[in-house]
Structure formats: structure tokens, C-alpha cells
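Working notes for the structure below.
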Amino acid sequence: MPKVTLPDGSSRDYSKAISIFDVASDIGTGLAKAALAAKVDGELVDTSFVIEKDIELAIITSKSDEALELIRHDAAHVMAQAVQELFPGTQVTIGPAIEDGFYYDFARQEPFSPDDLEKIEVRMEDIVGRDLSIEREVWERDEAKRVFADIGEKYKVEIIEDIIPEGEEVSVYRQGDWFDVCRGPHLPSTGKLPRAFKLMKLAGAYWRGNSDNEMLQRIYGTAWRDKKELKLHLQRLEEAEKRDHRKLGRKLDLFHFSDEAPGSVFWHPKGWTLFLQLLDYMRQRQEEAGYVEVNTPDVMDRSLWETSGHWFNYRENMFSTQTEDDRIFALKPMNCPGSVSMFAQGLKSYRDLPLRMAEFGKVHRYEPSGALHGLMRVRHFTQDDAHIYCTEDQMEGECIDVVSLVLDIYKDFGFTDVIIKLSTRPEKRIGSDDVWDKLEGALINSLKVMGLDYVLYPGEGAFYGPKLEFVLRDAIGRDWQCGTLQVDMNLPERFDISYVDETGGRDKRPVMLHRALFGSLERFIGILIEHYEGKFPVWLSPVQAALLTITDKHDQYAREVEKRLKAQGVRVISDFRNEKVGFKIREHTLQAVPFLLVVGNREVENDELAVRTQGGEDLGSMSIEETVKLLGQAS
RNA sequence: GCUCACAUAGCUCAGCAGGUAGAGCACUUCCUUGGUAAGGAAGAGGUCAUCGGUUCAAAUCCGAUUGUGAGCACCA
């Protein structure tokens with residue numbers, strides 16, 4: 001006698017076991033038609049699921065939050081069927097729903113071509129049109145293995161063997177002649193899949209995400225509830241592409257890359273102004289936060305890297321060089337060994353702690369060619385790095401200070417929803433569990449004290465200590481790690497650093513924290529370009545104002561004004577070209593100059609400037625002093 | 001690093017199926033002195049990424065190299 005309780009609290013009693021589809025029909029034929037799947041006591045199931053006992057039921061229609069994932073997962077299946085119909089001999093592997101869409105990985109000798117995507121899409125439409133009913137079957141494990149082995153689907157066999165846990169049933173979903181091992185749930189039939197999908201791109205992907213395995217062919221697609229949603233999504237992508245920092249960097253004349261130096265930035269005057277502006281900002285924030293700034297060599301002897309462990313653990317990522325005297329030097333890939341060496345020099349007392357030593361170090365890493373990506377992933381970058389040497393008791397307080405500093409700094413740029421990742425002890429690690437407890441505790445506690453959420457990445461910490469990572473998202477939805485806070489118990493040990501404690505003992509080992517807030521200045525600038533779409537706030541803007549003369553009669557006054565503004569610290573340029581003012585306005589507006597200062601007869605006469613904003617607002621005429629004030633306030 | 005794609009003027013791109021290159025913008029010169037998103041005219045500019053092959057002939061076809069893009073792997 002199952003009793004079914006619905007989300008609105010009402011309930012229905014049935015005299016015998018009944019399928020969800022039938023319950024939906026019982027409620028209304030409209031609902032039965034719209035039903036895609038259901039939630040039974042909070043768990044997703046197919047509409048064919050048979051209710052045998054009292055449950056809470058929620059029918060899922062395309063309006064439900066869960067619908068998109070179902071739609072996307074189904075789209076993956078339909079795509080797989082289309083591919084196997086069109087390209088016999090292609091093996092299927094896995095095909096999950098992902099953010100905004102889905103993918104499916106295939107094994108096939110011959111590569112798919114972009115033209116194939118169109119064909120596959122057409123065939124998908126066809127399969128939707130066939131409205132094949134999708135049925136769930138539970139197979140016996142060995143039987144399932146045999147069937148898939150017989151039809152040459154070795155990846156599926158591996159999935160049944162290795163991925164589906166013993167004890168869990170092996171479910172197979174069948175649509176027409178085609179079937180696939182899958183946990184489900186799925187839509188009732190292929191006809192329920194909205195015709196609002198599109199195949200997006202082709203890529204290689206390693207089987208089971210391991211680069212030792214063979215490479216499969218992955219097809220990415222996007223799928224939505226209806227055509228309108230799909231269109232909106234495609235528009236969003238287009239909008240995002242316009243913000244791409246690589247495009248804007250060229251358009252705004254900020255930097256360029258060259259074939260001779262892959263992954264290395266050539267900063268143009270405007271880009272470098274931006275860079276220095278950020279540097280100044282960070283310098284000031286750090287000074288206020290009690291840091292001292294140092295500088296260590298870029299090229300150091302191999303022995304130092306042996307001591308730090310980099311020579312053995314990180315060498316394939318290091319640039320090294322041999323000199324005439326046969327010594328081997330390496331360009332620093334990280335600042336920490338230099339910093340520890342710095343700490344080791346001279347005697348340190350407990351009175352010196354916490355010692356917060358910052359360095360804007362430029363590090364060099366031989367990153368894999370395929371990883372390079374504009375300013376986001378380069379081979380030479382500048383870190384706003386710092387190493388904090390402190391006692392164990394000071395550690396937690398220092399962590400709190402770092403976290404609140406980094407978040408406060410991000411807020412200045414309008415980044416308020418920052419993802420914080422906490423990576424804890426990996427399998428391969430040094431140090432006792434007691435120490436790890438303490439270090440992880442310090443990080444977790446500091447987040448707790450501040451009331452911050454974080455995403456836990458168990459086992460992802462460095463071998464020498466746990467870490468926090470602060471992640472920002474770029475215009476195209478990719479996440480980039482910017483800031484980081486790491487606790488290190490390896491380097492102090494390796495370099496055998498110590499301080500003199502209250503009793504005069506010289507063997508106290510300090511705790512070492514690594515932290516970077518922007519992370520890489522290069523990457524942070526890349527993110528900022530996309531975040532602001534190139535329209536930087538005045539304080540950051542490489543050019544804050546452009547002086548535009550109407551005719552050459554006004555040049556002399558403009559030159560005078562330029563001097564006065566520059567004396568006040570305004571980054572101003574003059575445009576005396578023989579062009580109409582409308583032309584100049586258009587050009588500097590497109591160059592994202594925040595303020596345009598027009599100079600004509602009226603302004604010369606009254607010693608004023610006609611001020612217009614980048615957004616097109618006319619602020620009228622004002623004196624030089626007022627303009628300077630306005631520029632100061634606008635940041 | 002792996003898979004696939006791409007590489008033509010400073011930039012954005014055209015050049016269909018091999019017959020020694022084209023547009024717009026930018027640039028230079030001249031005319032125009034014009035008040036809030038493009039005034040006009042003329043001119044200059046390319047060993048078609050590099051190297052090799054096929055061919056009477058290669059930007060175009062083939063191969064390698066380098067770089068770029070997308071994804072994967074990597075990211076102390």
C-alpha cells in the first residue's frame with residue numbers, strides 16, 4: 001500500500017506498487033507528458049521507477065533545477081548513438097554532463113573532423129525525432145562484461161570491472177538498438193530531449209585522465225531547455241570572447257608575445273604602467289601590514305637548488321645555464337630558497353619574529369608548451385611573494401592576517417566571490433601526523449574565525465605542508481589560481497634555519513609560511529583586463545585623461561595644461577593631431593581612456609577644460625584644479 | 001608534452017578547384033582649422049611563419065620544424 005507524499009505536502013495512497021509515470025498520469029496528463037525523471041526520497045530516478053513503499057516524490061520536469069543535468073546527460077547518450085551509427089567501429093567510453101553542457105569520449109583510429117560534428121548533430125536531431133523510448137535494465141555483472149567484450153567495447157568492460165563498485169548493480173540504458181552502461185537516470189524517451197543542443201569542439205583527452213593512457217577523442221556539446229536558452233548561452237560566449245585579455249591587450253597596446261620567446265611577455269609602455277601601478281599598490285598594502293621588502297638573485301648555483309630539493313623534484317621545469325668556469329646555475333623557478341637563504345644569514349632572535357619578508361621576484365619556469373595561455377600561464381612571471389617566519393604560536397594569527405589581507409585586496413578590485421580551496425595532507429608527505437594536524441588546523445581555524453567557506457581538496461596539499469588557494473574566474477569561465485597561502489615544514493629543515501629563543505637557546509626552528517596575494521602579477525593583470533573589459537578604474541588606468549584640442553590654435557594652452565596636470569601626478573596624454581574633435585573622441589573612447597578633456601576657444605579663454613567621461617557623459621567645463629580633484633575621486 | 005585545427009600587410013580578414021597577392025582600418029604626405037564616437041585625396045607597405053618535397057608553375061598540394069588556438073595532462 002504505497003503512500004506517495006508530494007512536495008506540496010499532499011499525499012496519495014495506492015493499492016499496489018505503481019510506477020512514477022503512472023503517478024504523474026494520475027495527477028494530470030500534462031504532468032505525465034512533462035515528466036522527465038523524479039526524485040524519490042531525495043534520490044534521482046527514472047519515471048519507470050516502481051514505487052513499492054511509502055515515499056516522498058517530486059516529479060522533475062524541464063522547469064526543475066535538476067532537469068538541465070538530465071538533459072545534458074541524455075544529449076551525451078544521443079550523441080554517442082549518433083556517432084556509433086555514423087562511424088561503426090568507434091568505441092564509447094564515458095560521457096558525463098558538465099557545466100553548460102556535456103562531452104563524450106570516443107576511441108577511434110581516425111580523427112573526427114569539424115565537418116563530422118555537423119553530421120553528428122544532424123543525426124542527433126534524427127534520433128530525437130525517432131522518439132526512442134529509453135529503458136533501464138539491470139544486468140548481471142559477468143554477463144554485462146561478456147556482452148560488451150563481445151561487441152568490442154573494451155572500455156566499457158574496464159568500467160564495469162574497475163569503476164562500478166562491487167555490490168552496486170550494473171544498469172544498462174537502452175534506446176532503440178543502442179545501449180550503454182550508465183548509472184542514470186535518463187529521460188523517458190529520446191523525443192524528450194529538447195532540440196536545443198549544439199556540438200562545440202573537438203579535443204583529445206586521456207583515457208581515465210591519465211597521460212600514460214591512450215588518447216581518446218572528446219566531443220564537447222552544450223544543451224539547454226529550449227532554443228532560447230541555447231541562444232542566450234551562445235551570446236554569452238560571444239560577449240566573453242570580446243573580453244579576452246589577449247585581444248584587449250593588443251587592442252589597447254598593453255603587451256605582445258613573440259615567437260622567439262614563447263610564454264614571455266613584452267610589456268608595452270601602457271601595460272607596464274599598469275604593472276607598476278599594481279606593484280605600488282601592493283607595496284603600500286604590504287608596508288601597512290608590517291612586511292619588509294627584499295630582493296634575492298635570479299640566478300643561483302646548483303648547490304642551492306640541491307639543498308632546497310628543487311634540483312631533484314622540479315628540474316624539468318627549470319631553466320639552467322652553464323658558465324665558462326663549468327658551474328651550473330639555475331634561474332629561480334621560485335623565490336623561497338632565496339628567502340630562506342636570506343633568513344639563514346646572520347643571527348635571528350625570537351624578537352625578530354614574525355618576520356614578514358616580501359619579494360617581487362620574477363620566476364622562470366619551463367612550463368609545458370601546451371599549458372601556455374596569454375598572460376594567464378607564462379614562463380616568466382613576477383610574484384608578489386612573501387615568506388613569513390614565525391613561531392608555532394604565531395602561526396594561526398599570521399594565517400588570519402594573510403587571508404583577511406588577500407580578501408580585502410581583492411575587494412578593492414571588485415572580486416567578492418572568491419573560491420577558496422583547501423588542500424590537505426597528501427599520501428606522500430614528510431612530517432608526523434601531529435604536525436599536520438596542527439598545520440591544517442591553523443588554516444581551517446583561520447577560515448572558521450573569519451566565517452569563510454572553502455572547498456576541500458583532500459590529499460592535494462604539497463608534500464611539505466597544506467595550502468590555501470584563492471581562485472578567480474576569467475571571462476571565458478576558466479578558473480585561475482591567484483593567491484596562495486602555504487605552510488612549509490620542509491625548507492626550514494633542509495636549510496637548517498633557527499632562531500634564538502627567550503632562554504638563549506639557538507636551536508628553535510621557525511615555522512615558514514609562503515604567501516602570494518596577486519599570485520602572478522602577469523596573471524592578475526590578465527584577469528583584471530577581462531574583469532574590467534579594459535576599462536580600468538582611474539587609479540589603475542595607464543592613461544587617465546586625454547587632452548583633445550579642437551584646432552591647432554589651442555595647442556599652446558593644451559601644452560600648458562598638460563604640464564600642470566602632470567605636475568599633479570595625472571597620467572595625461574595630448575592629442576594635437578590635425579583631426580576633428582569627434583574623431584579624437586571616438587579614438588580615445590575606444591582606447592578606454594576614462595576622461596577626455598576637450599580644449600577649444602571657450603576653455604582657453606576661461607582657463608578651463610570641457611570634461612567628458614569614457615562612458616560618454618558630458619560633465620561640462622571646469623577648472624584644472626576641479627579636474628584633478630575629479631580624477632582623484634573617480635578612482 | 002599529447003590530440004585536433006590554424007599561421008597571408010602593423011591590426012581584422014578575403015584569396016573558390018595550383019598560373020608569382022587583395023580589402024577595410026592603421027601608417028606617410030597633401031587639402032581641410034572643424035565643439036563631443038570616423039572630413040577628403042594621394043601614397044607607401046607582404047620571400048604568403050620557416051625549411052624541404054611534388055610540379056613547367058606552389059600562398060594554394062605533401063612532409064618536417066617553430067609558433068598560436070581549443071581541450072587533455074601538467075601547474076611546490
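A note on labels: chains of the C-alpha cells are A, B, ... as shown, every chain counts residues from 1, and ligands are counted from 1 in their shown order.
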| request: Residues of chain B near chain A: apply a cut-off of 8 Å, count only C-alpha atoms (C1' of nucleotides), and supply the list as a list in words. | output: G1, C2, U3, C4, U33, G34, G35, U36, A37, A38, G39, U66, G67, A70, G71, C72, A73, C74 and A76 of chain B
Selection to disk with N, CA, C and O atoms (P, O5', C5', C4', C3', O3' and C1' of nucleotides), as a CSV table (one decimal), in the first residue's frame:
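Okay, this is what ended up in selection.csv:
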```csv
chain,number,residue,atom,x,y,z
B,1,G,P,56.9,20.4,-26.5
B,1,G,O5',56.2,19.2,-25.7
B,1,G,C5',57.0,18.1,-25.5
B,1,G,C4',56.1,17.0,-24.9
B,1,G,C3',54.9,16.6,-25.7
B,1,G,O3',55.2,15.7,-26.7
B,1,G,C1',54.2,17.0,-23.5
B,2,C,P,54.5,15.6,-28.1
B,2,C,O5',53.0,15.0,-27.7
B,2,C,C5',52.8,13.7,-27.3
B,2,C,C4',51.4,13.4,-27.0
B,2,C,C3',50.5,13.8,-28.2
B,2,C,O3',50.4,12.8,-29.2
B,2,C,C1',49.6,14.7,-26.2
B,3,U,P,50.2,13.2,-30.7
B,3,U,O5',48.6,13.6,-30.7
B,3,U,C5',47.6,12.6,-30.6
B,3,U,C4',46.3,13.2,-30.7
B,3,U,C3',46.0,14.1,-31.8
B,3,U,O3',45.7,13.4,-33.0
B,3,U,C1',45.2,15.1,-29.9
B,4,C,P,46.1,14.0,-34.4
B,4,C,O5',45.1,15.2,-34.7
B,4,C,C5',43.7,15.0,-35.0
B,4,C,C4',42.9,16.2,-34.8
B,4,C,C3',43.3,17.4,-35.7
B,4,C,O3',42.8,17.3,-37.0
B,4,C,C1',43.0,18.1,-33.5
B,33,U,P,39.9,75.5,-43.5
B,33,U,O5',39.9,74.8,-42.0
B,33,U,C5',38.7,74.6,-41.3
B,33,U,C4',39.0,74.7,-39.8
B,33,U,C3',39.2,76.2,-39.4
B,33,U,O3',38.6,76.5,-38.2
B,33,U,C1',41.0,74.8,-38.7
B,34,G,P,37.1,76.7,-38.1
B,34,G,O5',36.5,75.2,-37.9
B,34,G,C5',35.2,74.9,-38.4
B,34,G,C4',35.0,73.4,-38.3
B,34,G,C3',34.8,72.9,-36.9
B,34,G,O3',33.5,72.9,-36.5
B,34,G,C1',36.5,71.6,-38.0
B,35,G,P,33.0,73.5,-35.2
B,35,G,O5',32.7,72.2,-34.3
B,35,G,C5',33.7,71.6,-33.6
B,35,G,C4',33.1,70.8,-32.5
B,35,G,C3',31.7,70.9,-32.2
B,35,G,O3',31.3,69.7,-31.4
B,35,G,C1',32.9,71.9,-30.5
B,36,U,P,29.8,69.0,-31.4
B,36,U,O5',30.0,67.6,-30.9
B,36,U,C5',30.9,66.7,-31.6
B,36,U,C4',31.4,65.6,-30.6
B,36,U,C3',30.2,64.9,-29.8
B,36,U,O3',30.6,63.6,-29.6
B,36,U,C1',31.8,65.9,-28.4
B,37,A,P,29.8,62.4,-30.3
B,37,A,O5',31.0,61.4,-30.5
B,37,A,C5',32.1,61.7,-31.4
B,37,A,C4',32.4,60.5,-32.2
B,37,A,C3',31.3,59.9,-33.0
B,37,A,O3',31.9,59.3,-34.2
B,37,A,C1',32.0,58.3,-31.4
B,38,A,P,31.4,59.7,-35.7
B,38,A,O5',32.7,60.3,-36.3
B,38,A,C5',34.0,59.9,-35.8
B,38,A,C4',35.0,59.9,-36.9
B,38,A,C3',34.5,60.3,-38.3
B,38,A,O3',35.6,60.7,-39.1
B,38,A,C1',35.0,58.1,-38.3
B,39,G,P,36.0,62.1,-39.3
B,39,G,O5',35.9,62.4,-40.9
B,39,G,C5',34.6,62.6,-41.4
B,39,G,C4',34.7,63.5,-42.6
B,39,G,C3',35.6,63.0,-43.7
B,39,G,O3',34.9,62.1,-44.6
B,39,G,C1',36.1,65.2,-43.2
B,66,U,P,59.9,22.0,-33.0
B,66,U,O5',59.5,23.5,-33.2
B,66,U,C5',60.6,24.5,-33.0
B,66,U,C4',60.0,25.9,-33.4
B,66,U,C3',58.8,26.3,-32.7
B,66,U,O3',59.1,26.8,-31.4
B,66,U,C1',58.5,26.8,-34.9
B,67,G,P,58.0,26.6,-30.2
B,67,G,O5',56.9,27.7,-30.6
B,67,G,C5',57.2,29.1,-30.6
B,67,G,C4',56.1,29.8,-31.3
B,67,G,C3',54.7,29.6,-30.7
B,67,G,O3',54.5,30.5,-29.6
B,67,G,C1',54.5,29.4,-33.0
B,70,A,P,42.6,29.2,-26.2
B,70,A,O5',41.8,27.9,-26.5
B,70,A,C5',40.4,27.9,-27.0
B,70,A,C4',39.9,26.5,-27.3
B,70,A,C3',40.2,25.6,-26.1
B,70,A,O3',39.2,25.7,-25.1
B,70,A,C1',40.8,24.6,-28.2
B,71,G,P,39.6,25.5,-23.6
B,71,G,O5',39.8,23.9,-23.5
B,71,G,C5',38.7,23.1,-23.4
B,71,G,C4',39.2,21.7,-23.7
B,71,G,C3',40.1,21.0,-22.7
B,71,G,O3',39.3,20.5,-21.6
B,71,G,C1',40.9,20.6,-24.9
B,72,C,P,40.1,20.3,-20.2
B,72,C,O5',41.0,19.0,-20.5
B,72,C,C5',40.5,17.7,-20.8
B,72,C,C4',41.6,16.8,-21.1
B,72,C,C3',42.7,16.7,-20.0
B,72,C,O3',42.3,15.8,-18.9
B,72,C,C1',43.7,16.8,-22.1
B,73,A,P,42.8,16.2,-17.5
B,73,A,O5',44.3,16.0,-17.6
B,73,A,C5',44.9,14.6,-17.6
B,73,A,C4',46.3,14.7,-17.8
B,73,A,C3',47.1,15.5,-16.8
B,73,A,O3',47.4,14.8,-15.6
B,73,A,C1',47.8,16.0,-19.0
B,74,C,P,47.4,15.7,-14.2
B,74,C,O5',48.6,16.7,-14.5
B,74,C,C5',50.0,16.2,-14.5
B,74,C,C4',50.9,17.3,-14.8
B,74,C,C3',51.0,18.4,-13.8
B,74,C,O3',51.8,18.1,-12.7
B,74,C,C1',50.9,19.3,-16.0
B,76,A,P,51.4,22.8,-8.0
B,76,A,O5',52.7,23.0,-7.0
B,76,A,C5',52.4,23.5,-5.7
B,76,A,C4',53.7,24.0,-5.1
B,76,A,C3',54.5,24.6,-6.2
B,76,A,O3',54.8,26.0,-5.9
B,76,A,C1',55.8,23.1,-4.9
```
| said: Neighbouring residues of U12 of chain B were defined as those with any atom within 12 Å, considering only C-alpha atoms (C1' of nucleotides); residues of the same chain fewer than 3 positions away were excluded. Please report them as a list in words. | reply: Lys247, Arg250 and Lys251 of chain A; A9, A23, G24, C25 and A26 of chain B
| field | Spatial neighbours of Arg225 of chain A, max dist 7 Å, only C-alpha atoms (C1' of nucleotides), sep filter under 6 positions, as a ChimeraX atom specification | value | /A:62,68,194,196
Kindly save the residues from that selection, with N, CA, C and O atoms included, as a PDB file, in the first residue's frame.
```
ATOM      1  N   SER A  62      11.081  19.883 -17.154  1.00  0.00           N
ATOM      2  CA  SER A  62      12.181  20.702 -17.682  1.00  0.00           C
ATOM      3  C   SER A  62      12.370  21.966 -16.851  1.00  0.00           C
ATOM      4  O   SER A  62      13.419  22.592 -16.894  1.00  0.00           O
ATOM      5  N   LEU A  68      18.387  20.259 -16.183  1.00  0.00           N
ATOM      6  CA  LEU A  68      19.479  20.531 -17.110  1.00  0.00           C
ATOM      7  C   LEU A  68      20.501  19.416 -17.131  1.00  0.00           C
ATOM      8  O   LEU A  68      20.978  19.002 -18.178  1.00  0.00           O
ATOM      9  N   PRO A 194      15.222  18.230 -25.504  1.00  0.00           N
ATOM     10  CA  PRO A 194      14.908  19.459 -26.239  1.00  0.00           C
ATOM     11  C   PRO A 194      15.874  19.645 -27.410  1.00  0.00           C
ATOM     12  O   PRO A 194      17.060  19.346 -27.288  1.00  0.00           O
ATOM     13  N   ALA A 196      17.759  21.723 -28.440  1.00  0.00           N
ATOM     14  CA  ALA A 196      18.469  22.953 -28.067  1.00  0.00           C
ATOM     15  C   ALA A 196      19.884  22.581 -27.670  1.00  0.00           C
ATOM     16  O   ALA A 196      20.360  22.923 -26.617  1.00  0.00           O
TER      17      ALA A 196
END
```
| Residues flagged alpha helix (DSSP H) by DSSP in segment 304-470 of chain A, as a count of residues only | 56
| task | Taking the chain letters and numbering used in this document, name the residues of segment 100-217 of chain A that DSSP puts in strand (DSSP E or B), as number ranges by chain. | result | A: 101-107, 133-139, 170-175, 178-181, 189, 197-206, 215-217
| task | Please identify all polymer residues within 12 Å of Ser541 of chain A, counting only C-alpha atoms (C1' of nucleotides), omitting same-chain residues fewer than 4 positions from it, and present them as a PyMOL selection string. | result | chain A and resi 252+254+270-278+525+528-529+532+534-537+545-546+570-572+591-595+614+631+634-635
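Proximity ranking of B:A17, B:C30, B:A7, B:G46 relative to G69 of chain B places B:A7 first, based on only C-alpha atoms (C1' of nucleotides).
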Surrounding residues of G53 of chain B excluding itself and chain neighbours under 6 positions, 12 Å, only C-alpha atoms (C1' of nucleotides), as a compact mmCIF listing (two decimals) with C-alpha atoms (C1' of nucleotides), in the first residue's frame:
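Output below, filename result27.txt:
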```
# COMPACT_ATOMS: atom_id res chain seq x y z
C1' C B 61 49.26 20.00 -52.69
C1' C B 62 52.71 16.77 -49.32
C1' G B 63 56.37 16.39 -45.13
C1' A B 64 59.20 18.41 -41.11
```
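You can rank A:Glu460, A:Trp539, A:Met512, A:Val147 by their closest distance to Leu630 of chain A using only C-alpha atoms, and at the top of that list sits A:Trp539.
Distances to Tyr389 of chain A were evaluated for A:Val299, A:Val265, A:Met489, A:Val23 using only C-alpha atoms, and the minimum falls at A:Met489.
We find atom CA of Thr93 of chain A and atom CA of Lys154 of chain A to be spaced 8.7 Å apart.
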| query | Near Leu304 of chain A, within 9 Å and counting only C-alpha atoms (C1' of nucleotides), which residues show up once chain neighbours fewer than 6 positions away are dropped, as JSON, numbers by chain? | reply | {"A": [310, 311, 337, 338, 341]}
Limited to all heavy atoms, could you put the picked residues into a file as a PDB file, in the first residue's frame?
```pdb
ATOM      1  N   HIS A 310      64.757  21.371  -5.139  1.00  0.00           N
ATOM      2  CA  HIS A 310      64.231  21.638  -6.484  1.00  0.00           C
ATOM      3  C   HIS A 310      64.996  20.885  -7.558  1.00  0.00           C
ATOM      4  O   HIS A 310      64.431  20.483  -8.563  1.00  0.00           O
ATOM      5  CB  HIS A 310      64.274  23.137  -6.776  1.00  0.00           C
ATOM      6  CG  HIS A 310      63.233  23.910  -6.028  1.00  0.00           C
ATOM      7  ND1 HIS A 310      63.397  24.301  -4.724  1.00  0.00           N
ATOM      8  CD2 HIS A 310      62.000  24.323  -6.389  1.00  0.00           C
ATOM      9  CE1 HIS A 310      62.317  24.951  -4.325  1.00  0.00           C
ATOM     10  NE2 HIS A 310      61.445  24.967  -5.322  1.00  0.00           N
ATOM     11  N   TRP A 311      66.295  20.744  -7.348  1.00  0.00           N
ATOM     12  CA  TRP A 311      67.115  20.115  -8.392  1.00  0.00           C
ATOM     13  C   TRP A 311      66.640  18.690  -8.671  1.00  0.00           C
ATOM     14  O   TRP A 311      66.737  18.200  -9.784  1.00  0.00           O
ATOM     15  CB  TRP A 311      68.587  20.130  -7.979  1.00  0.00           C
ATOM     16  CG  TRP A 311      69.494  19.866  -9.140  1.00  0.00           C
ATOM     17  CD1 TRP A 311      70.192  18.727  -9.397  1.00  0.00           C
ATOM     18  CD2 TRP A 311      69.773  20.766 -10.226  1.00  0.00           C
ATOM     19  NE1 TRP A 311      70.896  18.859 -10.562  1.00  0.00           N
ATOM     20  CE2 TRP A 311      70.654  20.099 -11.096  1.00  0.00           C
ATOM     21  CE3 TRP A 311      69.361  22.076 -10.548  1.00  0.00           C
ATOM     22  CZ2 TRP A 311      71.139  20.681 -12.272  1.00  0.00           C
ATOM     23  CZ3 TRP A 311      69.856  22.644 -11.716  1.00  0.00           C
ATOM     24  CH2 TRP A 311      70.728  21.950 -12.555  1.00  0.00           C
ATOM     25  N   PRO A 337      63.728  29.445  -1.885  1.00  0.00           N
ATOM     26  CA  PRO A 337      65.085  29.127  -1.449  1.00  0.00           C
ATOM     27  C   PRO A 337      65.929  30.377  -1.187  1.00  0.00           C
ATOM     28  O   PRO A 337      66.679  30.426  -0.201  1.00  0.00           O
ATOM     29  CB  PRO A 337      65.643  28.313  -2.614  1.00  0.00           C
ATOM     30  CG  PRO A 337      64.439  27.717  -3.257  1.00  0.00           C
ATOM     31  CD  PRO A 337      63.387  28.777  -3.156  1.00  0.00           C
ATOM     32  N   GLY A 338      65.767  31.382  -2.048  1.00  0.00           N
ATOM     33  CA  GLY A 338      66.491  32.632  -1.826  1.00  0.00           C
ATOM     34  C   GLY A 338      66.084  33.266  -0.511  1.00  0.00           C
ATOM     35  O   GLY A 338      66.916  33.785   0.233  1.00  0.00           O
ATOM     36  N   SER A 341      67.552  31.335   2.435  1.00  0.00           N
ATOM     37  CA  SER A 341      68.965  31.684   2.489  1.00  0.00           C
ATOM     38  C   SER A 341      69.159  33.033   3.147  1.00  0.00           C
ATOM     39  O   SER A 341      70.104  33.266   3.895  1.00  0.00           O
ATOM     40  CB  SER A 341      69.437  31.885   1.080  1.00  0.00           C
ATOM     41  OG  SER A 341      70.208  31.069   0.571  1.00  0.00           O
TER      42      SER A 341
END
```
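By chain and then residue number, the residues within 8 Å of His245 of chain A are Gly374, Leu375, Gly526, Ile527, Ile529 and Glu530 of chain A, counting only C-alpha atoms (C1' of nucleotides) and disregarding those fewer than 6 positions away in sequence.
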Residues just named, written with N, CA and C atoms as a CSV table (one decimal), in the first residue's frame:
```csv
chain,number,residue,atom,x,y,z
A,374,GLY,N,48.3,33.1,-23.0
A,374,GLY,CA,48.3,34.6,-22.8
A,374,GLY,C,49.1,34.9,-21.6
A,375,LEU,N,48.5,35.9,-20.8
A,375,LEU,CA,49.2,36.3,-19.5
A,375,LEU,C,48.9,35.3,-18.4
A,526,GLY,N,46.0,39.9,-16.4
A,526,GLY,CA,45.1,39.2,-17.4
A,526,GLY,C,43.7,39.2,-16.9
A,527,ILE,N,43.5,38.8,-15.6
A,527,ILE,CA,42.2,38.7,-15.0
A,527,ILE,C,41.5,40.1,-15.0
A,529,ILE,N,42.1,42.7,-16.8
A,529,ILE,CA,41.7,43.2,-18.2
A,529,ILE,C,40.4,42.6,-18.5
A,530,GLU,N,40.1,41.4,-18.3
A,530,GLU,CA,38.9,40.7,-18.6
A,530,GLU,C,37.8,41.2,-17.7
```
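Using only C-alpha atoms, the smallest distance between any of A:Arg494, A:Ile71, A:Asn445, A:Asp507 and Ser308 of chain A comes from A:Arg494.
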| said: Between atom CA of Val406 of chain A and atom CA of Ala344 of chain A, what distance in Å does the model show, to one decimal? | reply: 27.5 Å
